[in-house]
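Novice: Below: one structure in structure tokens.
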Amino acid sequence: PLQVVFENFFASPIEKRKEAWLQHLADVVKEIEARVAELTPEKLAENEAFVTVAMQASQIALRNHQQAKLEALRNAVLNSALPNSPQEDEQMIFLRLIDQLTPWHLRVLSVLDDPGRWMQCHSVTNPGWRMGGTSTVLEHCLPDLRGQRDTYDQIVRDLQSEGLLGQGQFLHVMMTGGGMVGSRTTDRGRRFIRFISPP
């Protein structure tokens, strides 16, 4: 019975995930070669750091179905092979973060990096606040978080504990309109965002 359960409920979905992810990797290798001609598939196969990132990302991808995380993993593999990528150890840390953080964490981090630019990129109206708290901006940009203070307070604490957001109780502090849309990410947070974003 256990074998039947595994074959019916796990083996087939795992194979589908594996096939989809391998297609992602094939597309990444093509894109790397298009961006940097000398980085052929053969050269990439000899690059131990790239192979390690690709293998780690593959293990994480098979455990996930959420598109935001799969896209972050795809971009991480791509960026790991391009010039000016993070140091190898930091790449491993960033892969761990992709694995542990939820899509909500990634969205909140993206908004708080540059709320004004985020609204522009996502066609969200900027009300031009004169005064308020960062929580107002967050709930405006991510309507599903409206009234979910406990949830996004915890998300921000998680991001702060990983060194991706600056410390302090900025969410519910009254400030000017300019302060409300100011960046809250650390240098490490900005490097992480670049690593998981399309180059």
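Here's how to read the names in the structure tokens: chain A, B, ... by the order shown, residue numbers from 1 in each chain, ligand numbers from 1 in the order shown.
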With a distance cut-off of 6 Å and only C-alpha atoms, select the neighbouring residues of region 181-198 of chain A, excluding the residue or stretch itself and same-chain residues fewer than 4 positions from it, and output the selection as a short mmCIF file (atom, residue, chain, number, x, y, z; two decimals) with N, CA, C and O atoms, in the first residue's frame.

Specialist:
data_model
loop_
_atom_site.label_atom_id
_atom_site.label_comp_id
_atom_site.auth_asym_id
_atom_site.auth_seq_id
_atom_site.Cartn_x
_atom_site.Cartn_y
_atom_site.Cartn_z
N ALA A 72 12.58 32.96 -8.53
CA ALA A 72 13.76 33.44 -7.79
C ALA A 72 14.93 32.47 -7.95
O ALA A 72 16.08 32.90 -8.13
N ASN A 75 16.42 32.81 -11.48
CA ASN A 75 17.23 34.01 -11.60
C ASN A 75 18.55 33.87 -10.83
O ASN A 75 19.58 34.39 -11.26
N ALA A 76 18.50 33.18 -9.69
CA ALA A 76 19.70 32.97 -8.90
C ALA A 76 20.74 32.16 -9.68
O ALA A 76 21.93 32.50 -9.70
N ASN A 79 22.08 34.47 -12.48
CA ASN A 79 22.97 35.53 -11.98
C ASN A 79 24.28 34.99 -11.41
O ASN A 79 25.29 35.69 -11.41
N LEU A 112 9.47 47.20 0.03
CA LEU A 112 10.19 48.06 0.96
C LEU A 112 11.57 48.49 0.44
O LEU A 112 12.19 49.40 1.00
N ASP A 113 12.04 47.87 -0.62
CA ASP A 113 13.31 48.29 -1.22
C ASP A 113 13.16 49.68 -1.84
O ASP A 113 14.04 50.52 -1.69
N ASP A 114 12.06 49.90 -2.54
CA ASP A 114 11.80 51.20 -3.18
C ASP A 114 10.31 51.28 -3.49
O ASP A 114 9.90 50.98 -4.62
N PRO A 115 9.49 51.67 -2.51
CA PRO A 115 8.04 51.67 -2.71
C PRO A 115 7.58 52.49 -3.91
O PRO A 115 6.67 52.07 -4.65
N LEU A 164 18.27 41.64 5.96
CA LEU A 164 17.81 42.14 4.66
C LEU A 164 17.12 43.50 4.76
O LEU A 164 17.11 44.27 3.80
N LEU A 165 16.53 43.78 5.92
CA LEU A 165 15.90 45.07 6.19
C LEU A 165 16.59 45.74 7.36
O LEU A 165 17.09 45.06 8.26
N GLY A 166 16.59 47.07 7.36
CA GLY A 166 17.16 47.81 8.46
C GLY A 166 16.39 47.59 9.75
O GLY A 166 15.20 47.27 9.72
#

Novice: Show which residues sit within 9 Å of Asn47 (chain A), as a PDB file with N, CA and C atoms, in the first residue's frame. Count only C-alpha atoms, and ignore same-chain residues fewer than 5 positions away.

Specialist:
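In the end it all went to result_16.pdb:
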ATOM      1  N   GLU A  42      29.740  23.830 -22.059  1.00  0.00           N
ATOM      2  CA  GLU A  42      30.916  23.064 -21.646  1.00  0.00           C
ATOM      3  C   GLU A  42      31.695  23.809 -20.562  1.00  0.00           C
ATOM      4  N   THR A  52      27.493  23.878  -8.339  1.00  0.00           N
ATOM      5  CA  THR A  52      26.983  23.791  -6.963  1.00  0.00           C
ATOM      6  C   THR A  52      25.697  24.588  -6.809  1.00  0.00           C
ATOM      7  N   ALA A  81      26.215  32.908 -12.670  1.00  0.00           N
ATOM      8  CA  ALA A  81      27.211  32.709 -13.727  1.00  0.00           C
ATOM      9  C   ALA A  81      27.654  34.013 -14.369  1.00  0.00           C
TER      10      ALA A  81
END

Novice: Can you tell me how far CA of Gln154 (chain A) sits from CA of Thr134 (chain A), in Å to one decimal?

Specialist: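 Those two atoms sit 14.6 Å apart.
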
Novice: Taking the DSSP assignment computed from this structure's backbone, write out as a PyMOL selection string all residues of region 13-136 of chain A that belong to alpha helix (DSSP H).

Specialist: chain A and resi 13-35+41-46+48-62+67-81+88-100+103-113+115-121+134-136

Novice: Compare A:Thr176, A:Thr102, A:Ser85, A:Thr151 by their minimum atom-to-atom distance to Arg130 (chain A), counting only C-alpha atoms, and give me the closest one.

Specialist: A:Thr176

Novice: Just to confirm, what's the straight-line distance from CA of Pro13 (chain A) to CA of Ala61 (chain A) in Å (one decimal)?

Specialist: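 One can read the CA of Pro13 (chain A) to CA of Ala61 (chain A) distance as 12.5 Å.
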
Novice: Using only C-alpha atoms for the distances, tell me which of A:Leu142, A:Val51, A:Val28, A:Ala45 is nearest to Glu88 (chain A).

Specialist: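 Closest to Glu88 (chain A), using only C-alpha atoms: A:Val51.
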
Novice: Could you jot down the CA of Glu90 (chain A) to CA of His24 (chain A) separation for me, Å, one decimal place?

Specialist: 22.7 Å

Novice: Using only C-alpha atoms, which of the listed residues (A:Val108, A:Leu101, A:Ala20, A:Ile32) sits closest to Leu78 (chain A)?

Specialist: A:Ile32

Novice: Which is closer to Gln67 (chain A) than all the others in A:Leu106, A:Glu46, A:Gln87, A:Ile93, using only C-alpha atoms?

Specialist: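 Closest to Gln67 (chain A) of all the choices is A:Leu106.
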
Novice: Of the residues A:Arg157, A:Gly116, A:Pro199, A:Glu15, which is the one nearest to Arg35 (chain A), using only C-alpha atoms?

Specialist: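 That would be A:Pro199, the residue with the smallest distance to Arg35 (chain A).
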